Each structure stands twice: as C-alpha cells, then as structure tokens.
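Student: Supplied structure: start-v3.tsv, TSV, C-alpha atoms.
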```
chain	number	residue	atom	x	y	z
A	27	MET	CA	12.28	-4.12	102.35
A	28	LEU	CA	14.55	-1.07	102.58
A	29	LYS	CA	17.54	-3.11	101.46
A	30	ARG	CA	15.67	-4.34	98.37
A	31	LEU	CA	14.44	-0.85	97.62
A	32	LEU	CA	17.97	0.59	97.83
A	33	LEU	CA	19.18	-2.18	95.55
A	34	LEU	CA	16.36	-1.32	93.15
A	35	GLY	CA	17.38	2.35	93.42
A	36	VAL	CA	21.01	1.66	92.53
A	37	THR	CA	20.16	-0.79	89.74
A	38	SER	CA	17.53	1.43	88.12
A	39	GLY	CA	19.86	4.45	88.54
A	40	VAL	CA	22.64	2.63	86.70
A	41	LEU	CA	20.22	1.50	83.98
A	42	ALA	CA	18.82	5.04	83.58
A	43	GLY	CA	22.38	6.41	83.48
A	44	ILE	CA	23.46	4.00	80.77
A	45	VAL	CA	20.37	4.75	78.70
A	46	ALA	CA	20.98	8.49	79.18
A	47	LEU	CA	24.59	8.18	78.01
A	48	ILE	CA	23.49	6.24	74.92
A	49	TYR	CA	20.81	8.85	74.24
A	50	GLN	CA	23.36	11.67	74.63
A	51	LYS	CA	25.66	10.00	72.10
A	52	VAL	CA	22.84	9.48	69.59
A	53	TYR	CA	21.44	13.00	70.12
A	54	SER	CA	24.82	14.72	69.76
A	55	SER	CA	25.70	12.88	66.59
A	56	SER	CA	22.28	13.44	65.01
A	57	VAL	CA	21.85	17.17	65.73
A	58	GLY	CA	25.54	18.07	65.75
A	59	ALA	CA	25.44	19.85	69.10
A	60	ASP	CA	27.86	18.89	71.83
A	61	PHE	CA	26.71	19.38	75.42
A	62	SER	CA	29.25	17.03	77.00
A	63	THR	CA	30.82	19.89	78.94
A	64	VAL	CA	27.49	20.70	80.59
A	65	ALA	CA	26.06	17.19	80.91
A	66	THR	CA	29.21	15.22	81.71
A	67	PRO	CA	29.07	11.39	81.69
A	68	VAL	CA	29.94	11.31	85.41
A	69	GLY	CA	27.30	13.92	86.18
A	70	ILE	CA	24.67	11.96	84.25
A	71	MET	CA	25.46	8.69	86.03
A	72	VAL	CA	25.64	10.25	89.50
A	73	SER	CA	22.41	12.24	89.10
A	74	ASN	CA	20.51	9.17	87.86
A	75	ILE	CA	21.77	6.97	90.68
A	76	VAL	CA	21.11	9.65	93.31
A	77	GLY	CA	17.64	10.31	91.85
A	78	CYS	CA	16.70	6.63	92.00
A	79	MET	CA	18.14	6.26	95.53
A	80	VAL	CA	16.00	9.19	96.66
A	81	ALA	CA	13.04	7.50	94.96
A	82	ALA	CA	13.81	4.30	96.88
A	83	LEU	CA	13.79	6.18	100.18
A	84	GLY	CA	10.57	7.90	99.14
A	85	TYR	CA	8.95	4.58	98.32
A	86	TRP	CA	10.01	3.17	101.69
A	87	ILE	CA	8.58	6.16	103.58
A	88	LEU	CA	5.33	5.97	101.59
A	89	SER	CA	5.06	2.22	102.20
A	90	LYS	CA	5.13	2.83	105.97
A	91	TRP	CA	2.32	5.30	105.62
A	92	LEU	CA	0.09	4.06	102.77
A	93	LYS	CA	0.54	0.29	102.98
A	94	GLY	CA	-1.32	-1.28	100.00
A	95	LYS	CA	-1.64	1.88	97.89
A	96	THR	CA	2.06	2.72	97.90
A	97	GLU	CA	2.78	1.83	94.29
A	98	ILE	CA	-0.08	3.88	92.80
A	99	VAL	CA	0.77	7.00	94.81
A	100	PHE	CA	4.52	6.57	94.36
A	101	ASN	CA	4.29	6.22	90.56
A	102	PHE	CA	2.04	9.27	90.42
A	103	ILE	CA	4.48	11.36	92.48
A	104	PHE	CA	7.52	10.09	90.55
A	105	VAL	CA	6.01	11.11	87.19
A	106	ILE	CA	4.85	14.49	88.50
A	107	LEU	CA	8.33	15.22	89.87
A	108	SER	CA	9.86	14.13	86.56
A	109	PHE	CA	7.59	16.61	84.75
A	110	ALA	CA	8.38	19.35	87.28
A	111	SER	CA	12.11	18.79	86.81
A	112	MET	CA	11.75	19.96	83.19
A	113	LEU	CA	11.31	23.58	84.28
A	114	PRO	CA	14.92	24.20	85.39
A	115	VAL	CA	16.07	22.78	82.04
A	116	PHE	CA	14.22	25.51	80.14
A	117	ALA	CA	15.60	28.15	82.51
A	118	ALA	CA	19.19	26.87	82.41
A	119	LYS	CA	21.79	29.40	81.28
A	120	LEU	CA	24.58	27.54	79.55
A	121	PRO	CA	28.15	28.77	79.05
A	122	LEU	CA	28.37	31.14	76.08
A	123	THR	CA	30.87	28.82	74.42
A	124	ILE	CA	27.99	26.45	73.70
A	125	ASN	CA	26.64	27.36	70.30
A	126	SER	CA	23.06	26.12	70.29
A	127	PRO	CA	21.45	26.30	73.74
A	128	GLU	CA	18.11	25.96	71.92
A	129	LEU	CA	18.90	22.26	71.45
A	130	PHE	CA	19.69	21.59	75.13
A	131	PRO	CA	16.10	20.86	76.29
A	132	GLY	CA	15.87	18.22	73.53
A	133	LEU	CA	18.74	16.43	75.21
A	134	ALA	CA	17.99	16.99	78.88
A	135	ILE	CA	14.20	16.67	79.09
A	136	PRO	CA	13.90	13.04	77.91
A	137	MET	CA	16.72	12.18	80.31
A	138	HIS	CA	14.59	13.42	83.21
A	139	PHE	CA	12.12	10.59	82.56
A	140	PHE	CA	14.71	7.82	82.35
A	141	PRO	CA	14.87	7.22	86.14
A	142	ALA	CA	11.08	6.72	86.32
A	143	LEU	CA	11.16	4.45	83.27
A	144	ALA	CA	14.07	2.40	84.61
A	145	TRP	CA	12.40	2.15	88.02
A	146	SER	CA	9.12	0.94	86.47
A	147	THR	CA	10.98	-1.58	84.32
A	148	LEU	CA	12.92	-3.13	87.18
A	149	GLU	CA	10.42	-2.73	90.01
A	150	PRO	CA	8.63	-6.10	89.44
A	151	LEU	CA	11.99	-7.87	89.95
A	152	PHE	CA	12.47	-6.32	93.40
A	153	ILE	CA	9.02	-5.63	94.83
A	154	LYS	CA	6.21	-8.12	94.97
A	155	ASN	CA	2.63	-7.04	94.35
A	156	GLY	CA	0.98	-5.54	97.39
A	157	GLU	CA	4.20	-4.79	99.27
B	254	MET	CA	65.92	77.61	39.47
B	255	LYS	CA	64.08	74.96	37.46
B	256	LYS	CA	65.73	72.28	39.63
B	257	ILE	CA	64.52	73.95	42.82
B	258	ILE	CA	60.99	74.31	41.48
B	259	GLY	CA	61.07	70.71	40.33
B	260	SER	CA	62.26	69.47	43.73
B	261	LEU	CA	59.63	71.56	45.55
B	262	ALA	CA	56.91	70.23	43.27
B	263	ALA	CA	58.05	66.66	43.88
B	264	ALA	CA	58.16	67.20	47.64
B	265	LEU	CA	54.71	68.80	47.56
B	266	LEU	CA	53.32	65.94	45.49
B	267	LEU	CA	54.82	63.40	47.90
B	268	ALA	CA	53.35	65.25	50.89
B	269	VAL	CA	49.93	65.48	49.27
B	270	THR	CA	49.85	61.82	48.20
B	271	SER	CA	51.00	60.61	51.63
B	272	ALA	CA	48.43	62.78	53.37
B	273	PHE	CA	45.62	61.41	51.22
B	274	ALA	CA	46.95	57.85	51.04
B	275	PRO	CA	44.35	55.38	52.28
B	276	ALA	CA	44.83	54.26	55.88
B	277	GLN	CA	46.13	50.78	56.66
B	278	GLY	CA	43.60	48.03	56.09
B	279	TRP	CA	43.05	45.56	58.94
B	280	GLN	CA	41.56	42.11	58.79
B	281	ILE	CA	39.37	41.03	61.72
B	282	THR	CA	40.56	37.71	63.17
B	283	ASP	CA	38.13	35.11	64.53
B	284	LYS	CA	39.18	35.78	68.14
B	285	TYR	CA	36.84	38.77	68.53
B	286	THR	CA	34.23	39.08	71.25
B	287	VAL	CA	31.09	41.18	71.27
B	288	ARG	CA	29.56	40.98	74.73
B	289	PHE	CA	26.50	42.69	76.12
B	290	THR	CA	25.00	42.95	79.58
B	291	GLY	CA	21.61	44.28	80.47
B	292	GLY	CA	21.28	43.74	84.19
B	293	GLY	CA	20.68	40.63	86.26
B	294	GLU	CA	20.62	37.44	84.23
B	295	VAL	CA	20.52	39.34	80.94
B	296	GLY	CA	23.72	39.13	78.98
B	297	GLY	CA	25.43	37.31	76.18
B	298	ILE	CA	27.40	37.59	73.03
B	299	PHE	CA	27.00	38.11	69.31
B	300	LYS	CA	28.93	35.39	67.54
B	301	THR	CA	29.23	36.96	64.09
B	302	LEU	CA	31.02	40.24	63.45
B	303	LYS	CA	32.22	41.31	60.02
B	304	GLY	CA	33.62	44.52	58.71
B	305	THR	CA	36.10	46.65	56.89
B	306	ILE	CA	38.61	48.51	59.00
B	307	LEU	CA	40.94	51.16	57.67
B	308	PHE	CA	42.92	52.64	60.52
B	309	ASP	CA	46.10	54.61	60.93
B	310	GLU	CA	47.13	55.54	64.46
B	311	GLN	CA	48.96	58.63	63.21
B	312	HIS	CA	46.15	59.79	60.93
B	313	PRO	CA	42.89	58.71	62.55
B	314	ASP	CA	41.00	61.35	60.56
B	315	GLY	CA	41.65	59.33	57.39
B	316	SER	CA	40.48	56.10	58.99
B	317	SER	CA	37.12	54.41	58.71
B	318	PHE	CA	35.13	51.53	60.16
B	319	GLU	CA	32.28	49.67	58.60
B	320	LEU	CA	31.04	46.92	60.88
B	321	THR	CA	28.09	44.57	60.80
B	322	ILE	CA	26.83	42.17	63.43
B	323	ASP	CA	24.54	39.28	62.56
B	324	VAL	CA	21.53	39.62	64.88
B	325	ALA	CA	20.68	35.92	64.54
B	326	SER	CA	24.08	35.07	66.03
B	327	ILE	CA	22.98	36.30	69.46
B	328	ASN	CA	23.71	33.83	72.25
B	329	THR	CA	22.47	34.46	75.77
B	330	GLY	CA	23.24	30.93	76.92
B	331	ASN	CA	19.52	30.10	77.08
B	332	GLY	CA	17.53	28.84	74.11
B	333	LEU	CA	14.26	30.54	75.08
B	334	MET	CA	15.99	33.86	75.65
B	335	ASN	CA	17.74	33.58	72.27
B	336	THR	CA	14.43	32.95	70.51
B	337	HIS	CA	12.83	35.82	72.42
B	338	ALA	CA	15.70	38.21	71.58
B	339	LYS	CA	15.37	37.43	67.87
B	340	SER	CA	11.58	37.86	67.90
B	341	ALA	CA	9.67	40.85	66.53
B	342	GLU	CA	9.33	42.38	70.00
B	343	TRP	CA	13.10	42.71	70.40
B	344	PHE	CA	15.63	42.66	67.55
B	345	ASP	CA	13.24	41.28	64.89
B	346	ALA	CA	16.06	39.35	63.24
B	347	ALA	CA	13.87	38.28	60.33
B	348	GLN	CA	13.23	41.86	59.23
B	349	TYR	CA	16.43	43.51	60.49
B	350	PRO	CA	19.11	40.82	60.26
B	351	LEU	CA	22.08	43.14	60.76
B	352	ILE	CA	23.33	45.70	63.23
B	353	LYS	CA	25.39	48.17	61.22
B	354	PHE	CA	27.88	50.81	62.19
B	355	THR	CA	29.42	53.11	59.61
B	356	SER	CA	31.95	55.66	60.79
B	357	LYS	CA	31.96	59.28	59.71
B	358	LYS	CA	34.82	60.64	61.77
B	359	ILE	CA	37.56	59.19	63.95
B	360	ALA	CA	39.45	61.44	66.35
B	361	LYS	CA	42.28	60.98	68.80
B	362	THR	CA	41.55	61.70	72.47
B	363	ALA	CA	43.65	61.77	75.63
B	364	GLY	CA	42.84	58.16	76.47
B	365	GLY	CA	42.47	56.66	73.01
B	366	TYR	CA	40.12	57.49	70.16
B	367	THR	CA	36.49	58.25	69.48
B	368	VAL	CA	34.56	57.23	66.43
B	369	THR	CA	31.46	59.11	65.35
B	370	GLY	CA	29.16	57.32	62.97
B	371	ASP	CA	25.75	55.93	62.18
B	372	MET	CA	24.55	53.03	64.28
B	373	GLU	CA	21.65	51.14	62.74
B	374	ILE	CA	19.79	48.68	64.90
B	375	HIS	CA	16.26	47.35	64.44
B	376	GLY	CA	15.81	49.62	61.41
B	377	VAL	CA	16.59	52.78	63.40
B	378	LYS	CA	19.64	54.80	62.43
B	379	LYS	CA	21.22	57.06	65.03
B	380	GLU	CA	24.47	59.00	65.08
B	381	MET	CA	26.66	57.97	68.01
B	382	THR	CA	30.13	58.77	69.26
B	383	LEU	CA	31.87	55.76	70.76
B	384	PRO	CA	35.19	55.57	72.58
B	385	PHE	CA	37.75	52.91	71.71
B	386	SER	CA	41.39	52.08	72.12
B	387	PHE	CA	43.89	50.44	69.82
B	388	LYS	CA	46.99	48.50	70.83
B	389	SER	CA	49.30	47.46	68.05
B	390	SER	CA	52.14	45.01	68.10
B	391	GLY	CA	53.88	44.57	64.77
B	392	ALA	CA	51.49	43.39	62.10
B	393	ALA	CA	48.70	42.75	64.58
B	394	GLY	CA	46.60	44.88	66.86
B	395	THR	CA	43.51	44.90	69.05
B	396	PHE	CA	40.64	47.34	69.07
B	397	SER	CA	38.74	47.55	72.35
B	398	GLY	CA	35.65	49.51	73.17
B	399	ALA	CA	33.10	49.68	75.96
B	400	PHE	CA	29.99	51.80	75.80
B	401	THR	CA	26.28	51.79	76.54
B	402	ILE	CA	23.34	51.91	74.19
B	403	ASN	CA	19.84	52.85	75.22
B	404	ARG	CA	17.65	50.16	73.71
B	405	ASN	CA	14.65	52.49	73.72
B	406	ASP	CA	16.44	54.70	71.16
B	407	PHE	CA	16.24	51.77	68.75
B	408	HIS	CA	12.77	50.56	69.82
B	409	ILE	CA	14.14	47.25	71.09
B	410	GLY	CA	11.71	45.67	73.54
B	411	LYS	CA	9.29	47.62	75.66
B	412	PRO	CA	10.50	50.31	78.06
B	413	GLY	CA	11.08	49.04	81.59
B	414	GLY	CA	10.84	45.38	82.49
B	415	ASP	CA	13.58	43.01	83.59
B	416	VAL	CA	16.04	44.11	80.94
B	417	ASP	CA	17.91	47.34	81.64
B	418	GLU	CA	17.20	50.14	79.22
B	419	LYS	CA	20.90	50.91	78.99
B	420	ILE	CA	22.71	47.92	77.54
B	421	LYS	CA	26.46	47.79	78.11
B	422	LEU	CA	28.53	46.57	75.20
B	423	ASP	CA	32.13	45.36	75.34
B	424	LEU	CA	33.98	44.73	72.12
B	425	THR	CA	37.43	43.28	71.67
B	426	VAL	CA	38.48	42.96	68.08
B	427	PRO	CA	41.92	41.54	67.30
B	428	VAL	CA	43.12	42.41	63.80
B	429	VAL	CA	46.03	41.73	61.49
B	430	LYS	CA	47.41	43.93	58.74
B	431	LYS	CA	46.03	43.21	55.28
```
Just give me the structure as structure tokens.

Tutor:
Amino acid sequence: MLKRLLLLGVTSGVLAGIVALIYQKVYSSSVGADFSTVATPVGIMVSNIVGCMVAALGYWILSKWLKGKTEIVFNFIFVILSFASMLPVFAAKLPLTINSPELFPGLAIPMHFFPALAWSTLEPLFIKNGE
Amino acid sequence: MKKIIGSLAAALLLAVTSAFAPAQGWQITDKYTVRFTGGGEVGGIFKTLKGTILFDEQHPDGSSFELTIDVASINTGNGLMNTHAKSAEWFDAAQYPLIKFTSKKIAKTAGGYTVTGDMEIHGVKKEMTLPFSFKSSGAAGTFSGAFTINRNDFHIGKPGGDVDEKIKLDLTVPVVKK
C-alpha cells in the first residue's frame, strides 16, 4: 500500500509540476509579468513532488487510523490545506526588481491546487475503492 | 584712458554674465534609485523619478532642482501593500499622483550640500532642508541623499501603527551633462 501511495505521490507530483510549468508559461505571456526568478522551474517541480509525497504519507497514516473513510477525510484535508497555503502567497514580499507583485497571486494561487487536482485525477489508477 | 575704461567695462560685463550664467544642466539617467524604509517589513522603492537639475559645484547658489516622483510607481514587493500604499488612507495616488520637490536655495556645507525647498506630498506642501552629496567624474555625476520624513506632517496614514512615523529615504541619482 505504501509503495503504491508513494508511486502515486511521485506521479501526481510530476503531473502537477508539468501543469504548473505550462500554466506559468501561459500566464507570463498573457499578462506580461515574469516571475521566473521567484518561481523557478526547478522550484515548481520540486515543491509539487514533495507536496504530493507528503500527501502520500498522510494518506497512508490516515488509512491506518480511519480504514474505510480514509479517502473522504483525506480529500477534505488536502483541499483545506491547499486553501490555507494561499495565505503565504498574499503575504509574500518579492524582490523589488519584480515590477508587478500585484500579479503574483494570480500565478501562484492556482498552482497551489494543482497537486490536489493531479492526485484526484490519478488516484483511481493506484488505489482501489475502499482501501 | 578710453581703452582702459573699455577694457574694465568688458571685464565687468564678463564677470557679471559668468556670475549670472545658468548652472550646468544635468540629465537624470535611468539608473536612479529612490528607496524608503519605515521599520520592520515596511520598505520599497519608487520606480519613476523625473526632474530638471541645474547644478554647479562651484556656484551652488545658482543651482536648482525640480523633481517629481510618480506615487503610483511605488513598489514594496507585495501587491497588497502596494495597493494599500496607493489608497486614500496613505498616498491617495488617484488624487495626488505626484510627490514634488522644488528647490529654493542650495548651499555648500562641510560634508556636501543642503537644498532647501518645498516638498509636496499628499497635497501638503512643507519647506524642508535636505542634505545631499555630489560626485562628478567628467561628463557624469551622482547625487546622493539620505534623510527622514515624518509621514504625519503630510497626513500619510494614521499616526502610530506598524509603519514608523519617520520614513527614511535614500536617493541615488546618476546624471549626465546635458
């Protein structure tokens, strides 16, 4: 179970990272603001993979404790944490060389939901119902 | 006798015209920085500075500054703070889009120069004397100044709070001869 969950974590992390990089490219070219020095491609990939790996460990711990209700509780917690992670984005102080910090939340906030979306998309391939 | 009088008159005219000749004009380059700090996390830059600078190191009394800063160009590094700074409670950029400084008198001091003039921020005009230095190298030069402004004097924000009442400003303005 743990092995499959970790595999799901890595796979969904990579998927979320790729989607985030595509979104960054589209966002930067459409609004004309470049945040690549703050949100580097490596940073985006690593944070997505680490986030999903942590989620995998969380799921495994919850599954030991909650048994049949793991998925409901886990999804609830994952979404709440994704919402909560928006707050530091609004408080972030960017380097003064970046011209439009007002546009940064528009880039970063959607990205914070990509791990949960990628996880939900790939989860049926790795975890059977009721596990 | 006529020759002597003529020569004296010419010398006098030359002296008078040189004394009242306008000071050297300087063009502000785009490498300038206008930084401010107000305690803790509060700090940033103004990205747009414009102005007319006439300055002669030897005759500072004939020099003059006329500078404007675009309030909307404020950048604190945080979008919410930028919006807040431009709001009616603070700089009110919509109603008072410019910070203006117009010099009245420039004097040489032991460590550099002082400029006395009218500072207009947030619709409030106040006479201030600000220290600055000037380093020239050929056709270029750099004006530098560091001073504090009490934001309460200009009714910027409410007294107290997280932002210091005395805001420290650091300006570095590279220029080239016109």

Student: Could you list the residues in chain A lying within 7 Å of chain B, using all atoms listed in the file, and format the result as an MDAnalysis selection string?

Tutor: chainID A and resid 117:122 127:128

Student: Pick the closest to B:Leu422 from B:Gly304, B:Gly278, B:Gly292, B:Gly365: which is it, counting all atoms listed in the file?

Tutor: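 Among the listed residues, the smallest separation from B:Leu422 belongs to B:Gly292.
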
Student: Could you give me, as a ChimeraX atom specification, the residues within 10 Å of B:Ala347, counting only C-alpha atoms and dropping anything in the same chain fewer than 5 positions from it?

Tutor: /B:324-325,339-341

Student: Can you measure atom CA of B:Asp314 to atom CA of B:Ile359 for me? One decimal in Å is fine.

Tutor: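 Going from atom CA of B:Asp314 over to atom CA of B:Ile359, I get 5.3 Å.
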
Student: What lies within 9 Å of B:Ile306 using only C-alpha atoms, ignoring chain neighbours under 4 positions off, as a list in words?

Tutor: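 Skipping anything fewer than 4 positions along the chain leaves Gln277, Gly278, Trp279, Gln280, Ile281, Ser316, Ser317, Phe318, Glu319, Leu320 and Val428 of chain B.
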
Student: Which of these residues is nearest to B:His312, using only C-alpha atoms: B:Lys358, B:Lys378, B:Lys421, B:His408?

Tutor: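 For B:His312, the nearest of the candidates is B:Lys358.
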
Student: Would you mind listing what lies within 10 Å of B:Ile352 as a list in words, with all atoms listed in the file counted and same-chain residues fewer than 2 positions away left out?

Tutor: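 The residues that qualify are Leu302, Leu320, Thr321, Ile322, Asp323, Val324, Phe344, Ala346, Tyr349, Pro350, Phe354, Met372, Glu373, Ile374, His375, Gly376, Val377 and Lys378 of chain B.
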
Student: So which one's closest to A:Leu133, A:Leu148, A:Leu28, A:Ile48, A:Ile106? Using only C-alpha atoms, please.

Tutor: A:Ile48

Student: Which one of B:Lys419, B:Lys284, B:Lys303, B:Lys388 sits closest to B:Ile402 if you count all atoms listed in the file?

Tutor: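 Nearest candidate to B:Ile402 out of B:Lys419, B:Lys284, B:Lys303, B:Lys388: B:Lys419.
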
Student: Counting only C-alpha atoms, figure out which residue out of A:Gly77, A:Gly84, A:Pro67, A:Pro131 gets nearest to A:Ala144.

Tutor: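 The answer is A:Gly77, which sits nearest to A:Ala144.
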
Student: Could you pull the residues within 10 Å of stretch 93-101 of chain A, counting all atoms listed in the file, minus those fewer than 5 positions along the same chain, as a list in words?

Tutor: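 Surrounding residues, per the criterion: Ala81, Ala82, Gly84, Tyr85, Trp86, Ile87, Leu88, Ile106, Leu107, Ala142, Trp145, Ser146, Glu149, Ile153, Asn155, Gly156 and Glu157 of chain A.
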
Student: In Å, how far is it from atom CA of B:Ile409 to atom CA of B:Glu342?

Tutor: 6.9 Å

Student: Looking at all atoms listed in the file, which of B:Pro427, B:Asp415, B:Val287, B:Gln348 is the one that sits closest to B:Ser389?

Tutor: B:Pro427

Student: Padding 8 Å on every side, please: axis-aligned box over the listed atoms of stretch 63-68 of chain A, centre and edge lengths to one decimal in Å, as AutoDock Vina command-line options.

Tutor:
```
--center_x 28.4 --center_y 16.0 --center_z 82.2 --size_x 20.8 --size_y 25.4 --size_z 22.5
```

Student: Atom CA of A:Gly39 and atom CA of A:Met79, how far apart in Å?

Tutor: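 Pair atom CA of A:Met79 / atom CA of A:Gly39 returns 7.4 Å.
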